[in-house]
>>> print(open('protein_19.txt').read())   # compact mmCIF, C-alpha atoms
# COMPACT_ATOMS: atom_id res chain seq x y z
CA MET O 27 149.53 100.73 92.01
CA PRO O 28 149.33 99.76 95.71
CA LEU O 29 149.93 103.39 96.62
CA ALA O 30 146.98 104.54 94.49
CA THR O 31 144.74 101.92 96.12
CA PHE O 32 145.84 103.03 99.59
CA ILE O 33 145.22 106.70 98.78
CA THR O 34 141.73 106.07 97.37
CA ARG O 35 140.75 104.03 100.42
CA ALA O 36 142.29 106.32 103.05
CA THR O 37 141.12 109.66 101.60
CA PRO O 38 137.47 109.42 102.77
CA PHE O 39 138.55 108.86 106.36
CA TYR O 40 140.67 112.00 106.38
CA ALA O 41 138.19 114.07 104.37
CA LEU O 42 135.17 113.17 106.51
CA GLU O 43 136.78 113.89 109.87
CA THR O 44 135.88 117.57 109.66
CA ILE O 45 132.25 117.05 108.59
CA LYS O 46 129.61 117.12 111.34
CA PRO O 47 127.40 114.03 111.70
CA ASN O 48 124.18 114.22 109.73
CA PRO O 49 121.02 113.38 111.74
CA TYR O 50 119.40 111.79 108.69
CA LEU O 51 122.32 109.40 108.23
CA ASP O 52 122.25 108.61 111.94
CA ALA O 53 118.56 107.70 111.66
CA ILE O 54 119.21 105.51 108.63
CA GLU O 55 122.08 103.80 110.45
CA LYS O 56 119.87 103.19 113.48
CA HIS O 57 117.01 101.65 111.48
CA MET O 58 118.95 99.87 108.71
CA GLY O 59 118.27 96.39 110.11
CA MET O 60 114.52 96.92 110.08
CA MET O 61 114.65 98.39 106.56
CA ILE O 62 116.49 95.32 105.31
CA MET O 63 113.93 93.07 106.99
CA VAL O 64 111.04 94.90 105.31
CA VAL O 65 112.67 94.54 101.89
CA LEU O 66 113.34 90.83 102.48
CA VAL O 67 109.79 90.19 103.67
CA CYS O 68 108.25 92.01 100.69
CA TYR O 69 110.55 90.21 98.26
CA GLY O 70 110.29 86.78 99.83
CA LEU O 71 106.55 86.50 100.36
CA LYS O 72 104.65 84.80 97.62
CA ILE O 73 101.31 84.22 99.22
CA ARG O 74 99.26 81.64 97.35
CA VAL O 75 95.68 82.25 98.45
CA SER O 76 94.13 80.02 95.81
CA GLU O 77 95.68 76.74 96.98
CA PHE O 78 96.09 74.94 100.28
CA PRO O 79 97.23 76.12 102.92
CA TYR O 80 96.01 79.52 101.65
CA GLY O 81 99.07 81.53 102.75
CA LEU O 82 99.15 80.10 106.26
CA SER O 83 102.89 79.33 106.08
CA GLU O 84 103.75 82.90 105.15
CA ILE O 85 101.44 84.40 107.77
CA VAL O 86 102.90 82.21 110.52
CA ALA O 87 106.46 83.11 109.45
CA VAL O 88 105.72 86.85 109.39
CA LEU O 89 104.03 86.74 112.81
CA ARG O 90 107.01 84.83 114.18
CA LEU O 91 109.33 87.39 112.62
CA PHE O 92 107.59 90.23 114.45
CA LEU O 93 107.45 88.37 117.76
CA VAL O 94 111.12 87.39 117.69
CA HIS O 95 112.16 90.90 116.71
CA LEU O 96 110.05 92.54 119.40
CA LYS O 97 111.47 90.22 122.05
CA PHE O 98 115.18 90.17 121.11
CA LYS O 99 115.59 93.36 118.98
CA ASN O 100 118.05 91.50 116.76
CA ALA O 101 117.43 91.75 113.02
CA LEU O 102 119.71 88.88 112.06
CA LEU O 103 118.11 86.51 114.56
CA SER O 104 114.64 87.49 113.35
CA ILE O 105 115.58 86.89 109.71
CA VAL O 106 117.16 83.51 110.42
CA VAL O 107 114.32 82.23 112.62
CA SER O 108 111.55 83.29 110.26
CA THR O 109 113.42 81.94 107.22
CA ARG O 110 113.79 78.54 108.86
CA ILE O 111 110.14 78.52 109.89
CA ILE O 112 108.85 79.37 106.41
CA CYS O 113 111.16 76.79 104.78
CA PHE O 114 109.95 74.15 107.22
CA LEU O 115 106.26 74.99 106.74
CA ILE O 116 106.53 75.14 102.95
CA ARG O 117 108.14 71.68 102.90
CA ILE O 118 105.39 70.28 105.12
CA PHE O 119 102.49 71.69 103.11
CA LYS O 120 103.85 71.00 99.61
>>> encode(input="protein_19.txt", output="structure tokens")
Amino acid sequence: MPLATFITRATPFYALETIKPNPYLDAIEKHMGMMIMVVLVCYGLKIRVSEFPYGLSEIVAVLRLFLVHLKFKNALLSIVVSTRIICFLIRIFK
């Protein structure tokens, strides 16, 4: 059984050595952090415009997300900072 596991895990490395890099996969690899951030932002935002503070917490967190990402170019840092900001603001205004 361990031999079968080793073979199934090692085979892709040997099989893919001869294949040329695909420019589409390189582009996806380059922009994967930003794609994950977009999915998290779309999933995580629940803007409540009918009650106080009228979506202000979410707007501030998204603006901070963009500013941190433009300055540091680090997706993980941007996600962590904006998540902490929105959690803090939601606790204040609820």
>>> closest_residue(input="protein_19.txt", among="O:Val67, O:Ala41, O:Leu82, O:Leu51", to="Ile118 in chain O", atoms="only C-alpha atoms")
O:Leu82
>>> closest_residue(input="protein_19.txt", among="O:Phe119, O:Glu84, O:Asn48, O:Val106", to="Lys72 in chain O", atoms="all atoms listed in the file")
O:Glu84
>>> atom_distance(input="protein_19.txt", atom1="CA of Phe32 in chain O", atom2="CA of Thr44 in chain O")
20.3 Å
>>> residues_near_point(input="protein_19.txt", point="(107.5, 91.9, 114.2)", cutoff="12 Å", atoms="only C-alpha atoms", output="ChimeraX atom specification")
/O:60,63-64,67,85-101,103-105,107-108
>>> write_last_selection(input="protein_19.txt", atoms="C-alpha atoms", output="JSON list (two decimals), in the coordinates of the input")
[["chain", "number", "residue", "atom", "x", "y", "z"],
["O", 60, "MET", "CA", 114.52, 96.92, 110.08],
["O", 63, "MET", "CA", 113.93, 93.07, 106.99],
["O", 64, "VAL", "CA", 111.04, 94.90, 105.31],
["O", 67, "VAL", "CA", 109.79, 90.19, 103.67],
["O", 85, "ILE", "CA", 101.44, 84.40, 107.77],
["O", 86, "VAL", "CA", 102.90, 82.21, 110.52],
["O", 87, "ALA", "CA", 106.46, 83.11, 109.45],
["O", 88, "VAL", "CA", 105.72, 86.85, 109.39],
["O", 89, "LEU", "CA", 104.03, 86.74, 112.81],
["O", 90, "ARG", "CA", 107.01, 84.83, 114.18],
["O", 91, "LEU", "CA", 109.33, 87.39, 112.62],
["O", 92, "PHE", "CA", 107.59, 90.23, 114.45],
["O", 93, "LEU", "CA", 107.45, 88.37, 117.76],
["O", 94, "VAL", "CA", 111.12, 87.39, 117.69],
["O", 95, "HIS", "CA", 112.16, 90.90, 116.71],
["O", 96, "LEU", "CA", 110.05, 92.54, 119.40],
["O", 97, "LYS", "CA", 111.47, 90.22, 122.05],
["O", 98, "PHE", "CA", 115.18, 90.17, 121.11],
["O", 99, "LYS", "CA", 115.59, 93.36, 118.98],
["O", 100, "ASN", "CA", 118.05, 91.50, 116.76],
["O", 101, "ALA", "CA", 117.43, 91.75, 113.02],
["O", 103, "LEU", "CA", 118.11, 86.51, 114.56],
["O", 104, "SER", "CA", 114.64, 87.49, 113.35],
["O", 105, "ILE", "CA", 115.58, 86.89, 109.71],
["O", 107, "VAL", "CA", 114.32, 82.23, 112.62],
["O", 108, "SER", "CA", 111.55, 83.29, 110.26]]
>>> atom_distance(input="protein_19.txt", atom1="CA of Arg110 in chain O", atom2="CA of Ile73 in chain O")
16.8 Å
>>> atom_distance(input="protein_19.txt", atom1="CA of Glu55 in chain O", atom2="CA of Tyr69 in chain O")
21.6 Å
